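K.L.:
Pasting in a structure now, in structure tokens, and then I'll have a few things to ask.
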Amino acid sequence: MRTVLACLLLVAGCTADTPAPSEAPKPPPTPGLAWRTKVPGNGYALVDGTVFAGSQGGVTAVEAKTGRTMWRFESPEGMNVVSWAVTGRAVTVAVDATKVTELDVEADWQTIGLDAATGGRLWDIDREELLPSLDYFAVEGPPVHLAASAGIVITPWYDDNGDSELVGVEARTGAIAWSTSLAELDFAGFSGCLVTVSDLTLEDLPLVVADDTLAAVVARCAQGRVVFGFDPRTGEPKWATPIPPEQPGYLLMDHGVLVVTQFGPGTVLAADGRVVYTGHLPPEQPVMAVVGDTVVVSGMAGTDDPLLGIDLRGGGVRWSLPRPSGDLPTNNLRRNGYRAMTASGDAVLGYRSSPGGTPDGLFLWANLLPVVVDSIDPATGTIRSTPLTVTGLGEWFAVADGTLLALTGNVLNAVPLTAGGAIEHTNAAAPIDRWPDPCELLPAEQLEQWWPGRPPKPVGTPGTLLSQPLPHPIHCSYTDLDGSVPAMITVDWTAADPQDAAALATSAHLASAGLNADVEPKPLVPDIGTWAMRGNGEDSITLHTGTVIVSAYSWDPAVPAVQLAKAVTAELQALGYR
């Protein structure tokens, strides 16, 4: 069943047929940033100098050089984007209004093609091959970013018999370019193949990737597990390479190099299907980047996943090092792993969410505020770390036209690079002896006044900055006699330059809106420091004064966080942090 719907392009003064670009955002008065703009999305892609962001609510195109929003397609009312892809100067979008009942699955859907430069409609035809299979698509989940290259969108499809095939759809016309049945394929000694549920990633996505000259898929055949390489233009198989039988986790590609992670030995393949390496690879949430004849691989979720440099020419491991932040050996979504990697000049840049903190990484107050970019020498693994004037989880980044595009939350930040690919401006930390002690920011007489007769005892938690121990704690729990903690103070960052601290505070405010495009940042609180905002709920305040950003947490209604924050501000300013 199909409902014909209108394409809505949210650009002032434009129509669906002739969308006009919006004005470019004004460059923010922020050290280290060329521009910054809000781009809501669950998935991102950089194609031909444009950043495309896809979400259930629509697809947005942003000019990478300026941050100008070129156009936005909005999902029709009552429908969600369920898949999208960008290739060949076109964007394909599938929207539906699937309803799952006890008796059936009902779906109204539409597939369209948009011009990548203008957002104008190219085609509007039934192309169910672009709809995600219910085998790997969550109805309320984020849209699937389909593999695409050379003007062809490549997607698995299942016929009425349940057999799987790869289908190539021309992005600019919506026509079927080719269809290759894996069940009927007999190639290089492999036959009877399926891309099945057991081959899906931990995020329930099919293991299909593509670049300009190669498409690849992990399949299970009668003879065992295999990676097929295809010509993305024709669907003709180029090669077939067997891999270990264990459950696959992820399939990544960069510059034609493939990384397959599994619950067991992983595999690195060259663009011609040659096995370069078989051995331990991060099985969960891996990232990779290729520079010259080295592929750098790491992961985010495992406790013992190393940072690897693998020799693409001679095979084997060039070097293997512990990931940064060895101070935190446990699972952590912040600093103990890379969220993304990309090549820049002769180095690999790795995007981490924090340059340090306390050993207890499961709490927000355990991590220092800025994101950090590591420049990794592919020849030796040597790392040079650069904190940025932005904060967040470090979700995605890429390099375009001398600029590092770094996503935090739903804010896209443009970080200028030097001619050699290095970051121009670093958010340098203050010398470690200039970091305030949070256990000294609530004076004893103040504690006695608030909690007469039983003032809580300050208990500090040590921390590190870029793996270097700090002389003072960065987190302090003011602990009562019964073990309860009515107040906590955390030093989130101490910058060398107050302008960098101010820029980081502004980024923290923007990031407080989260990923929802309709949510406003947390309200600012007057008369505290240079700047202050509420955290989650009424029990926390984050404040900025001088070179310092500090958070105050209260669990005693009689002494609210605002009261704590004002006392902390007064003490910091008395110490010279103005």
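Following the order of the structure tokens, chains are lettered A, B, ..., residues in each are numbered from 1, and ligands are numbered from 1.
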Could you give me, as JSON, numbers by chain, the residues within 12 Å of Val209 in chain A, counting only C-alpha atoms and dropping anything in the same chain fewer than 6 positions from it?
P.N.:
{"A": [85, 145, 146, 147, 148, 149, 152, 153, 154, 155, 156, 166, 215, 216, 217, 218, 227, 228, 229, 230, 231, 232, 250, 251, 252, 253, 254, 255, 256, 257, 258, 259, 260]}
K.L.:
Just to be explicit: take each residue in the selection above, keep N, CA and C atoms, and write the result as a CSV table (one decimal), in the first residue's frame.
P.N.:
chain,number,residue,atom,x,y,z
A,85,ALA,N,20.3,7.4,1.3
A,85,ALA,CA,21.7,7.2,0.8
A,85,ALA,C,22.0,8.4,-0.1
A,145,HIS,N,21.2,3.9,6.9
A,145,HIS,CA,22.0,4.6,5.9
A,145,HIS,C,22.6,3.6,5.0
A,146,LEU,N,22.0,3.5,3.8
A,146,LEU,CA,22.3,2.4,2.9
A,146,LEU,C,23.7,2.6,2.2
A,147,ALA,N,24.3,1.5,1.9
A,147,ALA,CA,25.6,1.5,1.1
A,147,ALA,C,25.3,2.1,-0.3
A,148,ALA,N,26.2,2.9,-0.8
A,148,ALA,CA,26.0,3.5,-2.1
A,148,ALA,C,27.4,4.0,-2.6
A,149,SER,N,27.5,3.9,-4.0
A,149,SER,CA,28.7,4.3,-4.6
A,149,SER,C,28.5,4.4,-6.1
A,152,ILE,N,25.1,4.4,-7.5
A,152,ILE,CA,24.2,3.2,-7.3
A,152,ILE,C,24.0,3.0,-5.8
A,153,VAL,N,22.8,2.8,-5.4
A,153,VAL,CA,22.5,2.5,-4.0
A,153,VAL,C,22.4,0.9,-3.9
A,154,ILE,N,23.1,0.3,-3.0
A,154,ILE,CA,23.3,-1.1,-3.0
A,154,ILE,C,22.6,-1.6,-1.7
A,155,THR,N,21.6,-2.5,-1.8
A,155,THR,CA,20.9,-2.9,-0.7
A,155,THR,C,20.5,-4.4,-0.8
A,156,PRO,N,20.5,-5.1,0.3
A,156,PRO,CA,20.1,-6.5,0.3
A,156,PRO,C,18.5,-6.5,0.1
A,166,LEU,N,21.5,-9.1,-3.8
A,166,LEU,CA,21.9,-7.7,-3.8
A,166,LEU,C,21.3,-7.0,-4.9
A,215,ALA,N,32.0,-2.8,-4.0
A,215,ALA,CA,31.0,-3.1,-3.0
A,215,ALA,C,31.3,-4.5,-2.4
A,216,ALA,N,31.0,-4.6,-1.1
A,216,ALA,CA,31.4,-5.9,-0.5
A,216,ALA,C,30.2,-6.3,0.5
A,217,VAL,N,30.1,-7.6,0.6
A,217,VAL,CA,29.0,-8.1,1.5
A,217,VAL,C,29.6,-9.4,2.2
A,218,VAL,N,29.2,-9.5,3.4
A,218,VAL,CA,29.5,-10.8,4.2
A,218,VAL,C,28.3,-11.7,4.0
A,227,VAL,N,33.4,-13.3,2.3
A,227,VAL,CA,33.2,-11.9,1.9
A,227,VAL,C,33.3,-11.9,0.3
A,228,PHE,N,32.2,-11.3,-0.3
A,228,PHE,CA,32.2,-11.2,-1.7
A,228,PHE,C,32.6,-9.7,-2.1
A,229,GLY,N,33.4,-9.5,-3.1
A,229,GLY,CA,33.6,-8.2,-3.6
A,229,GLY,C,32.9,-8.1,-5.0
A,230,PHE,N,32.1,-7.0,-5.1
A,230,PHE,CA,31.4,-6.8,-6.4
A,230,PHE,C,31.8,-5.5,-7.0
A,231,ASP,N,31.5,-5.4,-8.3
A,231,ASP,CA,31.5,-4.1,-9.0
A,231,ASP,C,30.3,-3.4,-8.7
A,232,PRO,N,30.3,-2.2,-8.1
A,232,PRO,CA,29.1,-1.5,-7.7
A,232,PRO,C,28.3,-1.0,-8.9
A,250,TYR,N,31.0,-6.5,12.5
A,250,TYR,CA,31.0,-5.2,11.7
A,250,TYR,C,31.8,-5.4,10.4
A,251,LEU,N,31.4,-4.7,9.4
A,251,LEU,CA,32.2,-4.6,8.1
A,251,LEU,C,32.4,-3.2,7.8
A,252,LEU,N,33.7,-2.8,7.8
A,252,LEU,CA,34.1,-1.4,7.6
A,252,LEU,C,34.9,-1.3,6.3
A,253,MET,N,34.9,-0.1,5.6
A,253,MET,CA,35.7,0.1,4.4
A,253,MET,C,36.2,1.5,4.4
A,254,ASP,N,37.5,1.6,4.0
A,254,ASP,CA,38.1,2.9,3.8
A,254,ASP,C,39.2,2.7,2.7
A,255,HIS,N,39.1,3.5,1.7
A,255,HIS,CA,40.0,3.5,0.6
A,255,HIS,C,40.2,2.0,0.0
A,256,GLY,N,39.0,1.3,0.0
A,256,GLY,CA,39.0,0.0,-0.6
A,256,GLY,C,39.5,-1.1,0.4
A,257,VAL,N,40.0,-0.7,1.5
A,257,VAL,CA,40.4,-1.7,2.5
A,257,VAL,C,39.2,-2.1,3.4
A,258,LEU,N,39.1,-3.4,3.6
A,258,LEU,CA,38.0,-3.9,4.4
A,258,LEU,C,38.4,-4.5,5.7
A,259,VAL,N,37.6,-4.2,6.8
A,259,VAL,CA,37.9,-4.8,8.1
A,259,VAL,C,36.6,-5.5,8.5
A,260,VAL,N,36.7,-6.8,8.8
A,260,VAL,CA,35.6,-7.6,9.3
A,260,VAL,C,35.9,-8.0,10.7
K.L.:
Got a sec: who's within 8 Å of Val291 in chain A, counting only C-alpha atoms, leaving out chain neighbours fewer than 3 positions off, as a ChimeraX atom specification?
P.N.:
/A:294-295,343,346-348,378
K.L.:
Go through A:Gly350, A:Gly337, A:Gly78, A:Pro237 one by one, measure the shortest atom-to-atom distance of each to Val290 in chain A using only C-alpha atoms, and give the residue with the smallest value.
P.N.:
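Residue with the minimum atom-to-atom distance to Val290 in chain A: A:Gly350.
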K.L.:
Go ahead and compute the interatomic distance for CA of Thr37 in chain A and CA of Val93 in chain A, in Å to one decimal.
P.N.:
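One can read the CA of Thr37 in chain A to CA of Val93 in chain A distance as 23.2 Å.
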K.L.:
Extract, using only C-alpha atoms, all DNA, RNA and protein residues at most 8 Å from range 415-426 of chain A, discarding same-chain residues fewer than 2 positions from it, and format them as a compact mmCIF listing (two decimals) with all heavy atoms, in the first residue's frame.
P.N.:
# COMPACT_ATOMS: atom_id res chain seq x y z
N PRO A 31 37.36 30.70 19.72
CA PRO A 31 38.69 30.24 19.33
C PRO A 31 38.65 28.80 18.85
O PRO A 31 38.01 27.94 19.45
CB PRO A 31 39.48 30.36 20.63
CG PRO A 31 38.73 31.30 21.50
CD PRO A 31 37.29 31.13 21.13
N GLY A 32 39.31 28.55 17.72
CA GLY A 32 39.42 27.19 17.23
C GLY A 32 38.30 26.74 16.34
O GLY A 32 38.31 25.59 15.88
N LEU A 33 37.29 27.59 16.06
CA LEU A 33 36.19 27.19 15.20
C LEU A 33 36.02 28.18 14.05
O LEU A 33 36.09 29.40 14.25
CB LEU A 33 34.88 27.12 15.99
CG LEU A 33 34.72 26.04 17.04
CD1 LEU A 33 33.31 26.06 17.60
CD2 LEU A 33 35.06 24.66 16.49
N ALA A 34 35.79 27.64 12.85
CA ALA A 34 35.47 28.49 11.70
C ALA A 34 33.98 28.80 11.67
O ALA A 34 33.58 29.91 11.33
CB ALA A 34 35.89 27.79 10.40
N TRP A 35 33.16 27.82 12.01
CA TRP A 35 31.72 28.00 12.12
C TRP A 35 31.13 26.86 12.93
O TRP A 35 31.79 25.85 13.18
CB TRP A 35 31.04 28.10 10.74
CG TRP A 35 31.33 26.99 9.78
CD1 TRP A 35 32.24 27.00 8.77
CD2 TRP A 35 30.72 25.68 9.74
NE1 TRP A 35 32.25 25.80 8.10
CE2 TRP A 35 31.31 24.97 8.67
CE3 TRP A 35 29.73 25.06 10.49
CZ2 TRP A 35 30.95 23.68 8.35
CZ3 TRP A 35 29.36 23.76 10.16
CH2 TRP A 35 29.96 23.09 9.10
N SER A 344 44.09 12.60 7.80
CA SER A 344 44.32 14.03 7.61
C SER A 344 45.80 14.22 7.34
O SER A 344 46.63 14.02 8.24
CB SER A 344 43.88 14.83 8.84
OG SER A 344 44.11 16.21 8.64
N GLY A 345 46.16 14.61 6.12
CA GLY A 345 47.56 14.70 5.76
C GLY A 345 48.20 13.33 5.84
O GLY A 345 47.68 12.34 5.32
N ASP A 346 49.32 13.25 6.53
CA ASP A 346 50.04 11.98 6.67
C ASP A 346 49.70 11.28 7.98
O ASP A 346 50.38 10.32 8.35
CB ASP A 346 51.56 12.23 6.62
CG ASP A 346 52.01 12.75 5.26
OD1 ASP A 346 51.37 12.38 4.26
OD2 ASP A 346 52.98 13.52 5.21
N ALA A 347 48.67 11.73 8.68
CA ALA A 347 48.33 11.16 9.99
C ALA A 347 46.90 10.64 9.98
O ALA A 347 46.10 10.95 9.10
CB ALA A 347 48.50 12.21 11.09
N SER A 375 46.27 12.83 17.04
CA SER A 375 46.97 12.66 15.77
C SER A 375 47.89 11.45 15.91
O SER A 375 48.81 11.45 16.74
CB SER A 375 47.78 13.91 15.43
OG SER A 375 48.51 13.73 14.23
N THR A 386 45.09 16.66 21.17
CA THR A 386 44.65 18.05 21.12
C THR A 386 43.23 18.17 21.64
O THR A 386 42.29 17.75 20.95
CB THR A 386 44.71 18.61 19.68
OG1 THR A 386 46.03 18.48 19.17
CG2 THR A 386 44.29 20.07 19.65
N PRO A 387 43.02 18.72 22.84
CA PRO A 387 41.64 19.02 23.27
C PRO A 387 41.07 20.16 22.41
O PRO A 387 41.79 21.07 21.99
CB PRO A 387 41.81 19.46 24.72
CG PRO A 387 43.17 18.96 25.13
CD PRO A 387 44.00 19.00 23.89
N LEU A 388 39.76 20.09 22.15
CA LEU A 388 39.08 21.11 21.37
C LEU A 388 38.23 22.00 22.28
O LEU A 388 37.98 21.68 23.44
CB LEU A 388 38.18 20.47 20.31
CG LEU A 388 38.84 19.52 19.31
CD1 LEU A 388 37.81 19.04 18.30
CD2 LEU A 388 40.02 20.17 18.61
N THR A 389 37.76 23.10 21.73
CA THR A 389 36.89 23.99 22.48
C THR A 389 35.43 23.59 22.32
O THR A 389 34.52 24.43 22.31
CB THR A 389 37.07 25.46 22.04
OG1 THR A 389 36.89 25.53 20.62
CG2 THR A 389 38.44 25.98 22.41
N GLY A 402 40.39 21.39 4.16
CA GLY A 402 41.20 21.99 5.19
C GLY A 402 40.48 22.24 6.49
O GLY A 402 40.93 23.04 7.32
N THR A 403 39.37 21.54 6.70
CA THR A 403 38.57 21.73 7.91
C THR A 403 38.20 20.37 8.49
O THR A 403 37.83 19.45 7.75
CB THR A 403 37.28 22.52 7.60
OG1 THR A 403 37.63 23.78 7.04
CG2 THR A 403 36.46 22.76 8.86
N LEU A 404 38.31 20.25 9.79
CA LEU A 404 37.84 19.06 10.49
C LEU A 404 36.40 19.33 10.95
O LEU A 404 36.13 20.28 11.68
CB LEU A 404 38.72 18.77 11.71
CG LEU A 404 38.30 17.59 12.58
CD1 LEU A 404 38.44 16.28 11.81
CD2 LEU A 404 39.11 17.55 13.86
N LEU A 405 35.48 18.51 10.48
CA LEU A 405 34.07 18.63 10.83
C LEU A 405 33.78 17.67 11.97
O LEU A 405 33.85 16.45 11.80
CB LEU A 405 33.19 18.32 9.62
CG LEU A 405 33.48 19.15 8.38
CD1 LEU A 405 32.73 18.61 7.18
CD2 LEU A 405 33.12 20.62 8.62
N ALA A 406 33.50 18.22 13.15
CA ALA A 406 33.34 17.41 14.36
C ALA A 406 31.93 17.58 14.90
O ALA A 406 31.50 18.69 15.21
CB ALA A 406 34.37 17.84 15.41
N ASN A 413 30.62 21.24 14.28
CA ASN A 413 31.66 22.24 14.51
C ASN A 413 32.72 22.13 13.43
O ASN A 413 33.19 21.03 13.12
CB ASN A 413 32.30 22.03 15.87
CG ASN A 413 31.30 22.00 17.01
OD1 ASN A 413 30.91 23.03 17.52
ND2 ASN A 413 30.87 20.81 17.40
N ALA A 428 44.30 24.41 25.04
CA ALA A 428 45.34 23.94 25.95
C ALA A 428 44.87 24.01 27.40
O ALA A 428 44.23 24.99 27.82
CB ALA A 428 46.60 24.77 25.77
K.L.:
Within 8 Å of Ala502 in chain A, counting only C-alpha atoms, which residues show up once you throw out same-chain ones fewer than 2 positions away? Write them as a list in words, please.
P.N.:
Pro498, Gln499, Asp500, Leu504, Ala505, Thr506, His544, Gly546 and Thr547 of chain A
K.L.:
Apply DSSP to the backbone of this structure and, from range 218-360 of chain A, keep only the residues in strand (DSSP E or B); write these as JSON, numbers by chain.
P.N.:
{"A": [218, 219, 220, 221, 224, 225, 226, 227, 228, 229, 230, 237, 238, 239, 240, 241, 242, 248, 249, 250, 251, 252, 253, 254, 257, 258, 259, 260, 261, 262, 264, 265, 266, 267, 268, 269, 275, 276, 277, 278, 279, 287, 288, 289, 290, 291, 294, 295, 296, 297, 298, 307, 308, 309, 310, 311, 317, 318, 319, 320, 321, 340, 341, 342, 343, 344, 347, 348, 349, 350, 351, 352, 356, 357]}
K.L.:
CA of Ala558 in chain A and CA of Ala570 in chain A are how many Å apart?
P.N.:
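Taking CA of Ala558 in chain A as the start and CA of Ala570 in chain A as the end point, the length is 19.9 Å.
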K.L.:
May I ask which of the residues A:Glu448, A:Asp492, A:Asp480, A:Asp437 is the closest one to Leu572 in chain A, counting only C-alpha atoms?
P.N.:
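Answer, going by the shortest atom-to-atom distance: A:Asp437.
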